[in-house]
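Accompanying notes for the structure given below.
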Amino acid sequence: MKRGRTLIAALVAVAVMASACGSTGSGGSTGGTSTASATATATAVARPDVIVGSTNFYEQITLGELYSQILEANGYKVTRKFNLGNRELVEPAIESGQIDVDAEYLATLLAFVDKDGKIAKPTTDPKATQIGLQKALDPKGLTVLDYAAATDQNGFVVTQATASSKNLKKLSDLAPIGNTLVLGGPPECPQRPFCQLGLKDTYGITFKDFKPLDTGGPLTIAALDGKQIDVGLLFTSDPSIVAKSFVLLDDDKHLQLADNIAPVVRNALLSKDDGTLARLLDSISAKLTQAELNDMNKQVAVDKADSKVVAAAWLKKQQLIK
């Protein structure tokens, strides 16, 4: 999975070699705006053409559809350029004007565009990370809009049975009982500050044992299902969380870097618009929770539903389009 999953590894390797091991972040929207008035007047206003791009990952394509469809419903002519490849291809595309809009992840993009951290470094706080990212994007002629509560970052999950029997809702709930539980994750997890090492330092959790598996992949999912481990590392938007009814434990002490989802837009496009485009994209961020994103990912990745259909249904459910 992922924008790509290799980019989480790259982020963690760049930030602290810590791709091993969220929760929903707090939303950065300044308030979801109603699209009703914009829809009503769309035909009377000249709208700039928009090219929406995405990487080659189903979550990205669904996000691209959300952006495309809300803009189309409000009078914008949208060209889709999805499946462009990884960030190494997509970021130059938006900087050069081959695309105008894409969905991004705050901490990962900041680490990518400011590799040395000379302008800003990713943090566990989404607002601070957004501010730092904007500083890094200013010279590139790009703007990061409001971020969603939804993230795609490292997280820790338990089965529904484990959560119910041990009353687990957040990571700090593990501290008193960690010595009775087995943690599963990538082999490097015990030495990584965003995995087992971070859980001990930030939360005071000491596990009974650690089982080396993969980085949020099928081995971890199977081990959770088979009760070989009690706690596993998955990515916070992994479709198996919904498909398997896993419980994503809230990162209540903010261990993970803030990889909240946010639209990035070319300033050249924003300068041609009257502010409607930004308001429309921000209205999506205001509604996009972790549970909503995970449900859409499950529909596309597990149920094999069409991203266009899933995106349209979500926008209508949220009353963002008719």
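Each chain of the structure tokens is named A, B, ... in the order shown, its residues numbered from 1; ligands are numbered from 1 in display order.
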Considering only C-alpha atoms, give me a table of residues in segment 166-260 of chain A that are at most 12 Å from segment 121-145 of chain A, with the closest atom pair and distance in Å for each, as JSON lines.
{"residue": "A:Phe194", "atom": "CA", "partner": "A:Thr124", "partner_atom": "CA", "distance": 10.7}
{"residue": "A:Asp251", "atom": "CA", "partner": "A:Thr124", "partner_atom": "CA", "distance": 10.1}
{"residue": "A:Asp252", "atom": "CA", "partner": "A:Thr124", "partner_atom": "CA", "distance": 11.0}
{"residue": "A:Lys253", "atom": "CA", "partner": "A:Thr124", "partner_atom": "CA", "distance": 9.3}
{"residue": "A:His254", "atom": "CA", "partner": "A:Thr124", "partner_atom": "CA", "distance": 5.8}
{"residue": "A:Leu255", "atom": "CA", "partner": "A:Thr124", "partner_atom": "CA", "distance": 6.6}
{"residue": "A:Gln256", "atom": "CA", "partner": "A:Thr124", "partner_atom": "CA", "distance": 5.6}
{"residue": "A:Leu257", "atom": "CA", "partner": "A:Thr124", "partner_atom": "CA", "distance": 4.1}
{"residue": "A:Ala258", "atom": "CA", "partner": "A:Thr124", "partner_atom": "CA", "distance": 4.8}
{"residue": "A:Asp259", "atom": "CA", "partner": "A:Pro126", "partner_atom": "CA", "distance": 7.4}
{"residue": "A:Asn260", "atom": "CA", "partner": "A:Pro126", "partner_atom": "CA", "distance": 6.7}
Within 7 Å of Ala311 of chain A, counting only C-alpha atoms, which residues qualify if same-chain residues fewer than 3 places away don't, as a compact mmCIF listing (two decimals) with C-alpha atoms, in the first residue's frame?
# COMPACT_ATOMS: atom_id res chain seq x y z
CA THR A 62 -9.77 8.00 -4.34
CA GLU A 65 -11.57 11.62 -7.27
CA LEU A 66 -12.90 13.48 -4.23
CA SER A 307 -12.88 4.81 -6.77
CA LYS A 308 -15.19 7.11 -8.75
CA TRP A 314 -18.96 9.86 0.12
CA LEU A 315 -19.34 13.40 -1.22
| To one decimal place, how far is atom CA of Asp225 of chain A from atom CA of Asp306 of chain A in Å? | 27.6 Å
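Selecting strand (DSSP E) from the backbone DSSP output for segment 132-194 of chain A yields Leu142, Thr143, Val144, Asn154, Gly155, Phe156, Val157, Val158, Val182, Leu183, Gly184 and Gly185 of chain A.
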Name all residues at most 12 Å from Ser240 of chain A (count only C-alpha atoms; drop same-chain ones fewer than 5 positions away) and give them as a short mmCIF file (atom, residue, chain, number, x, y, z; two decimals) with C-alpha atoms, in the first residue's frame.
data_model
loop_
_atom_site.label_atom_id
_atom_site.label_comp_id
_atom_site.auth_asym_id
_atom_site.auth_seq_id
_atom_site.Cartn_x
_atom_site.Cartn_y
_atom_site.Cartn_z
CA MET A 1 0.00 0.00 0.00
CA VAL A 157 -3.76 -1.95 16.39
CA VAL A 158 -5.31 -4.74 18.42
CA THR A 159 -8.16 -7.09 17.67
CA GLY A 216 2.30 -3.22 8.34
CA GLY A 217 1.81 -6.05 5.88
CA PRO A 218 0.14 -9.46 5.55
CA THR A 220 1.33 -8.70 10.80
CA ILE A 221 -2.34 -8.99 9.86
CA ALA A 222 -2.16 -12.80 9.93
CA LEU A 224 -3.06 -10.56 14.80
CA ASP A 225 -5.76 -12.79 13.36
CA LEU A 233 2.05 -2.11 13.64
CA LEU A 234 -0.17 -1.16 10.70
CA PHE A 235 -0.59 2.05 8.77
CA SER A 245 -12.56 -4.92 12.70
CA PHE A 246 -9.20 -4.13 14.24
CA VAL A 247 -9.05 -1.30 16.77
CA LEU A 248 -6.59 1.48 15.99
CA ASN A 294 -10.41 3.75 6.14
CA ASP A 295 -13.91 2.79 5.06
CA MET A 296 -13.32 4.15 1.55
CA ASN A 297 -9.97 2.34 1.36
CA LYS A 298 -11.66 -0.89 2.37
CA GLN A 299 -14.33 -0.47 -0.31
CA VAL A 300 -11.72 0.08 -3.02
CA ALA A 301 -8.92 -2.28 -1.93
CA VAL A 302 -10.90 -5.14 -0.41
CA ASP A 303 -14.35 -4.94 -1.98
#
| message | For the alpha helix (DSSP H) assignment from backbone DSSP, which residues of segment 121-242 of chain A qualify? Please present them as a ChimeraX atom specification. | response | /A:126-137,160-166,196-203,218-225,240-242
What does the file look like for those residues with N, CA and C atoms, as a JSON list (two decimals), in the first residue's frame?
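part28.json, freshly written:
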[["chain", "number", "residue", "atom", "x", "y", "z"],
["A", 126, "PRO", "N", 0.33, 18.46, 13.86],
["A", 126, "PRO", "CA", -0.02, 18.72, 12.46],
["A", 126, "PRO", "C", 0.02, 20.19, 12.08],
["A", 127, "LYS", "N", -0.42, 21.07, 12.97],
["A", 127, "LYS", "CA", -0.42, 22.50, 12.63],
["A", 127, "LYS", "C", 0.99, 23.01, 12.45],
["A", 128, "ALA", "N", 1.87, 22.66, 13.38],
["A", 128, "ALA", "CA", 3.27, 23.09, 13.27],
["A", 128, "ALA", "C", 3.91, 22.52, 12.01],
["A", 129, "THR", "N", 3.58, 21.28, 11.69],
["A", 129, "THR", "CA", 4.14, 20.65, 10.49],
["A", 129, "THR", "C", 3.59, 21.32, 9.24],
["A", 130, "GLN", "N", 2.31, 21.67, 9.24],
["A", 130, "GLN", "CA", 1.71, 22.38, 8.11],
["A", 130, "GLN", "C", 2.40, 23.73, 7.89],
["A", 131, "ILE", "N", 2.63, 24.45, 8.97],
["A", 131, "ILE", "CA", 3.30, 25.75, 8.87],
["A", 131, "ILE", "C", 4.71, 25.60, 8.31],
["A", 132, "GLY", "N", 5.43, 24.60, 8.81],
["A", 132, "GLY", "CA", 6.77, 24.34, 8.30],
["A", 132, "GLY", "C", 6.75, 23.93, 6.84],
["A", 133, "LEU", "N", 5.78, 23.10, 6.48],
["A", 133, "LEU", "CA", 5.66, 22.67, 5.09],
["A", 133, "LEU", "C", 5.39, 23.86, 4.18],
["A", 134, "GLN", "N", 4.52, 24.78, 4.60],
["A", 134, "GLN", "CA", 4.23, 25.93, 3.76],
["A", 134, "GLN", "C", 5.48, 26.77, 3.51],
["A", 135, "LYS", "N", 6.31, 26.91, 4.54],
["A", 135, "LYS", "CA", 7.56, 27.65, 4.36],
["A", 135, "LYS", "C", 8.44, 26.97, 3.31],
["A", 136, "ALA", "N", 8.45, 25.65, 3.32],
["A", 136, "ALA", "CA", 9.25, 24.91, 2.35],
["A", 136, "ALA", "C", 8.65, 24.96, 0.95],
["A", 137, "LEU", "N", 7.33, 25.12, 0.86],
["A", 137, "LEU", "CA", 6.66, 25.16, -0.44],
["A", 137, "LEU", "C", 6.63, 26.55, -1.06],
["A", 160, "GLN", "N", -10.50, -6.64, 18.01],
["A", 160, "GLN", "CA", -11.66, -6.18, 18.76],
["A", 160, "GLN", "C", -11.78, -6.93, 20.08],
["A", 161, "ALA", "N", -11.48, -8.22, 20.05],
["A", 161, "ALA", "CA", -11.57, -9.04, 21.27],
["A", 161, "ALA", "C", -10.58, -8.56, 22.32],
["A", 162, "THR", "N", -9.36, -8.26, 21.90],
["A", 162, "THR", "CA", -8.35, -7.76, 22.84],
["A", 162, "THR", "C", -8.75, -6.40, 23.39],
["A", 163, "ALA", "N", -9.24, -5.54, 22.52],
["A", 163, "ALA", "CA", -9.65, -4.20, 22.96],
["A", 163, "ALA", "C", -10.77, -4.27, 23.98],
["A", 164, "SER", "N", -11.73, -5.16, 23.73],
["A", 164, "SER", "CA", -12.88, -5.28, 24.63],
["A", 164, "SER", "C", -12.49, -5.89, 25.97],
["A", 165, "SER", "N", -11.70, -6.96, 25.92],
["A", 165, "SER", "CA", -11.36, -7.67, 27.16],
["A", 165, "SER", "C", -10.41, -6.87, 28.05],
["A", 166, "LYS", "N", -9.60, -6.02, 27.44],
["A", 166, "LYS", "CA", -8.60, -5.27, 28.21],
["A", 166, "LYS", "C", -8.91, -3.77, 28.26],
["A", 196, "GLN", "N", 8.92, 0.28, 18.87],
["A", 196, "GLN", "CA", 8.99, -0.22, 20.24],
["A", 196, "GLN", "C", 9.79, 0.71, 21.16],
["A", 197, "LEU", "N", 10.88, 1.24, 20.66],
["A", 197, "LEU", "CA", 11.69, 2.15, 21.47],
["A", 197, "LEU", "C", 10.88, 3.39, 21.85],
["A", 198, "GLY", "N", 10.14, 3.93, 20.89],
["A", 198, "GLY", "CA", 9.32, 5.10, 21.17],
["A", 198, "GLY", "C", 8.17, 4.80, 22.11],
["A", 199, "LEU", "N", 7.60, 3.62, 21.98],
["A", 199, "LEU", "CA", 6.51, 3.23, 22.89],
["A", 199, "LEU", "C", 7.01, 3.17, 24.33],
["A", 200, "LYS", "N", 8.25, 2.73, 24.50],
["A", 200, "LYS", "CA", 8.81, 2.67, 25.85],
["A", 200, "LYS", "C", 9.14, 4.07, 26.37],
["A", 201, "ASP", "N", 9.79, 4.87, 25.51],
["A", 201, "ASP", "CA", 10.24, 6.19, 25.95],
["A", 201, "ASP", "C", 9.07, 7.16, 26.15],
["A", 202, "THR", "N", 8.09, 7.12, 25.25],
["A", 202, "THR", "CA", 6.98, 8.08, 25.29],
["A", 202, "THR", "C", 5.85, 7.63, 26.20],
["A", 203, "TYR", "N", 5.56, 6.32, 26.17],
["A", 203, "TYR", "CA", 4.41, 5.80, 26.90],
["A", 203, "TYR", "C", 4.77, 4.95, 28.12],
["A", 218, "PRO", "N", 0.94, -8.26, 5.33],
["A", 218, "PRO", "CA", 0.14, -9.46, 5.55],
["A", 218, "PRO", "C", 0.61, -10.33, 6.71],
["A", 219, "LEU", "N", 1.90, -10.34, 6.99],
["A", 219, "LEU", "CA", 2.39, -11.15, 8.11],
["A", 219, "LEU", "C", 1.86, -10.62, 9.44],
["A", 220, "THR", "N", 1.85, -9.31, 9.57],
["A", 220, "THR", "CA", 1.33, -8.70, 10.80],
["A", 220, "THR", "C", -0.16, -8.93, 10.94],
["A", 221, "ILE", "N", -0.89, -8.78, 9.84],
["A", 221, "ILE", "CA", -2.34, -8.99, 9.86],
["A", 221, "ILE", "C", -2.66, -10.43, 10.24],
["A", 222, "ALA", "N", -1.93, -11.38, 9.63],
["A", 222, "ALA", "CA", -2.16, -12.80, 9.93],
["A", 222, "ALA", "C", -1.81, -13.12, 11.38],
["A", 223, "ALA", "N", -0.75, -12.51, 11.89],
["A", 223, "ALA", "CA", -0.35, -12.77, 13.28],
["A", 223, "ALA", "C", -1.38, -12.22, 14.27],
["A", 224, "LEU", "N", -1.98, -11.09, 13.96],
["A", 224, "LEU", "CA", -3.06, -10.56, 14.80],
["A", 224, "LEU", "C", -4.26, -11.48, 14.75],
["A", 225, "ASP", "N", -4.63, -11.88, 13.53],
["A", 225, "ASP", "CA", -5.76, -12.79, 13.36],
["A", 225, "ASP", "C", -5.54, -14.11, 14.09],
["A", 240, "SER", "N", -7.42, -3.14, 6.14],
["A", 240, "SER", "CA", -7.68, -4.29, 7.01],
["A", 240, "SER", "C", -8.23, -3.87, 8.37],
["A", 241, "ILE", "N", -8.00, -2.62, 8.75],
["A", 241, "ILE", "CA", -8.53, -2.14, 10.03],
["A", 241, "ILE", "C", -10.05, -2.22, 10.02],
["A", 242, "VAL", "N", -10.65, -1.86, 8.90],
["A", 242, "VAL", "CA", -12.11, -1.98, 8.76],
["A", 242, "VAL", "C", -12.49, -3.41, 8.43]]
| atom CA of Tyr58 of chain A to atom CA of Lys316 of chain A, distance in Å rounded to a single decimal |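 Atom-to-atom, atom CA of Tyr58 of chain A and atom CA of Lys316 of chain A are spaced 20.2 Å apart.
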| request: Tell me which protein, DNA and RNA residues are within 12 Å of Gln69 of chain A, counting only C-alpha atoms, leaving out same-chain ones fewer than 4 positions away, and put them as an MDAnalysis selection string. | output: chainID A and resid 50 52 61:65 73:80 277 280:281 284 307:316 320:322
| field | Atom pair atom CA of Gly185 of chain A / atom CA of Thr108 of chain A: separation (Å) | value |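 Interatomic distance, atom CA of Gly185 of chain A to atom CA of Thr108 of chain A: 20.6 Å.
Of the listed residues A:Leu269, A:Ala291, A:Val231, A:Ile119, the one whose atoms come nearest to Val101 of chain A is A:Leu269, with distances taken using only C-alpha atoms.
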